[in-house]
Each structure stands twice: as C-alpha cells, then as structure tokens.
Amino acid sequence: MKVYSNFDALEVKTPTACGMGNFDGVHLGHQRLIHELVTRADKEGLESFVVTFEPHPLKILSPKDAPPLITSLEQKKKLIESYGVKNLLLIPFTKKFSQMSYEEFINRILIEKLNAKLIVVGYNFQFGSGGKGTAENLKSIGLQKGFETLIVPPVTVNGRIVSSTLIRNMIESGKMKEAKTLLGRPFSIRGKVVKGEAIGRKLGFPTANVFLSPQIIKPAFGVYAVLVSRDGAIYRGVANIGQKPTFRNKAGACNITLEVHIFDFDEQIYGEEIEVYFIERIREEKAFQDVESLALQVKMDIVKARSILDLLQKSRQNAPDFNRGMNGGLQFFSGYAKI
C-alpha cells in the first residue's frame, strides 16, 4: 500500500474510488466501508484510496475533547492495508485546513487531486469547515460533478451501532470480549520494551515493561490474560496495567505502567517493539500488604490466564484463524482460533 501525506503534490491520473473517515480502531463499521470500497474498485477497474486525517480533527479543533485513540497511526496503516486497499492519503489536519469548505474539499482534493469517480462514506460522515459537509451533500454534488457516492449504513451488533466511542467505553471498562466483538479482533497496545524497576523479576515473574503512548487509550486497571506478538511469533502471558499501588513511592508517584509476564520466556528484549493483545480481564488492580501476598496472587493470576488461553487455543478447531493487521498480514495467532 502506498502512503501519501502531501495532497498538494498529488495528482492521480487513474480514476479512483475513495473511502473517507477517521477510521480510529478500524472496527466492524470501518471494515464494512473498506470492503465496499475495495469490492467496487476491483469490479469497476478503479484505484482504491482511503482518505483520512492526521491527527484526529478534535486534537486541533478542541484538544480537551479529543478522544484517546484505539489504534496508533502505524496500527491503523497496517489494518487498512490488510483489507486490500492500494493507497492511503493521510491529510495533515491543521487549523488552516479545518477552514476549507466542503465544496472546496470536493473540488480541490476529491476531483482535481484524486480523480474520484466513486466516493464511499459512512452514514454520519461530516467534513469541511464547521462540519457542514455531509454524506447527502456529497451525493447531491456528485450528481452534478460526475462521481457516485455510496453511503454505508450503520453496522449493528446485539442491537447497538458499532462506533469508536462505544468501543472506547468498553476498553476503559475492561470489557475486552465485548470490545473484540465490535473490533473484529482483540484490542491491542503496541510499544517498545523499556527498562523498569525489575520488581517482577525479584518476585520470580520477570516482566516486559511496555512504553505507553499518552495518545492511546488505556484499559481499566487490572490483570489480563494476553497474547503477545514479537517478530511474527505469538506468546501467551499475563499483564498488569495500572499504578502498582503495592509499590507506590512515598512521593505518591502514580505513573501508569503496562507490565507483561510472558510464559516460558526469558530473553532480553529491551528496545524491541511488541504488541500486547488483551484477551480477558482477570481481576482489578489492588494493593497488597506485603510482597509475599502479591507473589501468591500473581501465581493464581498465571494459573487463571493459562486456563483462559488454553480454552482459546482449543476453540481453534471450530473457528477459522483470523488476523486483519497483525504485521500487515492476514494470518492471526497461528494455532489460535477466532476469539
């Protein structure tokens, strides 16, 4: 997939099909839109483009209201590519860009730069200065300008419309199974392994401390059964995300940390990037009276996590393997089933 970030320098000669949106999380609703885009593009001989904005528009327009992100930019790229999209246009969202009217956006970017013949958007898509541009505006103008607009209806699961907002609420509540149902895959955090305080190793359970981007959403504090991707290999483990209340220092420091104990693994991976997939929450984070009590609880957490992941592995016999976006590929958790 080719990635572009300067639309001024872009001038596409080949007729295109363009799908537009924020695509945070690349959830089932986004996947439906991308499927329609790629299917129609292939059928009609059009070059497929996904058009999105970086950063999230609210980060510029109203920073205090900007939501935490479900996917990092790199994760988003890999997920979109995994669905067969040929091109991705990341439009730098600035104050100046936000003042562009929707009519100018259509003429200058969609028609002049992208040579769009088909535009695919969600039912609630808004664009242009003040969000005045809508899917219906696109459809109406398209009839005059010679492009077709396909409006994708909402996707519902168990009677609820799939949305990034709903998924964020689930993640922040620790409801990983529910979030997975709407994402079509487990929620994950990707980050570099950094040096920590080696508390886990002292307790007999060495952990990888994963750097947490301040822009990415954090699950509810607690202990989770997880799968870990490293260099294309998948490992099982248990993770704690929170503020380590048992070891909080006298100054009351409360940095949020993600610590992962990878089962049957004892390699030095400082500086490497890993991706942690949250499968199921085991318990809330809590403070213990002493390290012996904590060590005993960690042992029980490991037993529980192994049980959860054993059941996941056994279920693969009755469900197809899946992965949209793991390392940009279509194979997911070799040996694991659809969760």
# chains A, B, ... in the order shown; residues from 1 in each chain; ligands from 1

call {"tool": "select_by_dssp", "arguments": {"residues": "range 26-258 of chain A", "states": "strand (DSSP E or B)", "output": "PyMOL selection string"}}
result
chain A and resi 47-54+69+87-92+116-122+126-127+133-134+148-152+156-157+160-161+188-194+208-210+216+222-230+233-242+257-258

call {"tool": "write_last_selection", "arguments": {"atoms": "C-alpha atoms", "output": "CSV table (one decimal), in the first residue's frame"}}
result
chain,number,residue,atom,x,y,z
A,47,GLU,CA,-7.7,2.6,-8.0
A,48,SER,CA,-8.7,2.3,-4.3
A,49,PHE,CA,-7.8,5.1,-1.9
A,50,VAL,CA,-8.6,5.5,1.8
A,51,VAL,CA,-8.6,9.2,2.8
A,52,THR,CA,-8.2,10.1,6.4
A,53,PHE,CA,-6.9,12.8,8.7
A,54,GLU,CA,-3.8,13.0,11.0
A,69,LEU,CA,-7.0,6.6,20.2
A,87,ASN,CA,-3.4,3.7,-1.4
A,88,LEU,CA,-3.7,5.7,1.8
A,89,LEU,CA,-3.9,9.5,1.9
A,90,LEU,CA,-3.1,11.0,5.3
A,91,ILE,CA,-4.2,14.6,5.2
A,92,PRO,CA,-2.4,16.7,7.8
A,116,ALA,CA,-12.5,10.3,-7.8
A,117,LYS,CA,-15.3,8.5,-9.6
A,118,LEU,CA,-16.7,6.7,-6.6
A,119,ILE,CA,-16.7,8.0,-3.0
A,120,VAL,CA,-17.6,5.7,-0.1
A,121,VAL,CA,-18.5,7.2,3.3
A,122,GLY,CA,-20.4,6.3,6.4
A,126,GLN,CA,-19.1,15.1,8.2
A,127,PHE,CA,-16.4,17.2,6.6
A,133,GLY,CA,-20.4,18.8,4.6
A,134,THR,CA,-22.5,15.6,4.9
A,148,GLU,CA,-21.0,8.4,-7.5
A,149,THR,CA,-21.5,8.4,-3.7
A,150,LEU,CA,-22.0,5.2,-1.8
A,151,ILE,CA,-23.3,5.8,1.8
A,152,VAL,CA,-22.7,2.8,4.1
A,156,THR,CA,-25.1,-3.1,14.5
A,157,VAL,CA,-24.1,-5.8,16.9
A,160,ARG,CA,-26.1,-1.4,19.2
A,161,ILE,CA,-24.4,0.6,16.5
A,188,SER,CA,-4.0,-4.3,21.5
A,189,ILE,CA,-1.3,-1.9,22.5
A,190,ARG,CA,2.0,-1.8,20.6
A,191,GLY,CA,5.0,-0.3,22.2
A,192,LYS,CA,8.7,-0.5,22.9
A,193,VAL,CA,10.0,-2.6,25.8
A,194,VAL,CA,11.8,-0.3,28.3
A,208,ALA,CA,8.5,-6.7,29.9
A,209,ASN,CA,7.6,-3.1,30.6
A,210,VAL,CA,5.9,-1.7,27.6
A,216,ILE,CA,-3.5,5.7,23.2
A,222,GLY,CA,-6.1,-4.7,36.4
A,223,VAL,CA,-4.7,-8.0,35.4
A,224,TYR,CA,-5.4,-9.5,32.0
A,225,ALA,CA,-4.8,-12.8,30.1
A,226,VAL,CA,-2.9,-11.6,27.0
A,227,LEU,CA,-1.2,-12.8,23.8
A,228,VAL,CA,2.0,-11.1,22.8
A,229,SER,CA,3.3,-10.6,19.2
A,230,ARG,CA,7.1,-10.3,18.8
A,233,ALA,CA,5.8,-15.1,16.8
A,234,ILE,CA,2.9,-15.3,19.3
A,235,TYR,CA,3.4,-15.9,23.0
A,236,ARG,CA,1.0,-16.3,25.9
A,237,GLY,CA,1.2,-14.3,29.0
A,238,VAL,CA,-0.4,-12.2,31.8
A,239,ALA,CA,-0.3,-8.5,32.0
A,240,ASN,CA,-0.9,-5.8,34.6
A,241,ILE,CA,-1.8,-2.3,33.7
A,242,GLY,CA,-2.1,0.3,36.4
A,257,THR,CA,2.6,1.2,33.5
A,258,LEU,CA,2.0,-1.9,31.4

call {"tool": "residues_around", "arguments": {"residues": "range 78-81 of chain A", "least_positions_apart": "6", "cutoff": "12 Å", "atoms": "only C-alpha atoms", "output": "VMD selection string"}}
result
chain A and resid 1 to 3 19 21 to 28 30 to 35 37 to 38 48 to 52 71 to 72 87 to 89 183 to 185 323 to 330

call {"tool": "residues_around", "arguments": {"residues": "Arg168 in chain A", "least_positions_apart": "5", "cutoff": "9 Å", "atoms": "only C-alpha atoms", "output": "ChimeraX atom specification"}}
result
/A:67-70,163,173,179,217,219

call {"tool": "select_by_dssp", "arguments": {"residues": "range 119-191 of chain A", "states": "helix (DSSP H, G or I)", "output": "number ranges by chain"}}
result
A: 129-131, 135-145, 164-172, 176-183

call {"tool": "atom_distance", "arguments": {"atom1": "CA of Ser101 in chain A", "atom2": "CA of Gln215 in chain A"}}
result
28.3 Å

call {"tool": "closest_residue", "arguments": {"among": "A:Phe205, A:Tyr83, A:Phe93, A:Phe147", "to": "Leu110 in chain A", "atoms": "only C-alpha atoms"}}
result
A:Phe147

call {"tool": "atom_distance", "arguments": {"atom1": "CA of Thr39 in chain A", "atom2": "CA of Ala17 in chain A"}}
result
10.1 Å

call {"tool": "residues_around", "arguments": {"residues": "Met170 in chain A", "least_positions_apart": "5", "cutoff": "12 Å", "atoms": "only C-alpha atoms", "output": "MDAnalysis selection string"}}
result
chainID A and resid 70 162:165 175:183 186:187 217:220 281

call {"tool": "closest_residue", "arguments": {"among": "A:Pro57, A:Pro206, A:Gly131, A:Pro214", "to": "Glu267 in chain A", "atoms": "only C-alpha atoms"}}
result
A:Pro206
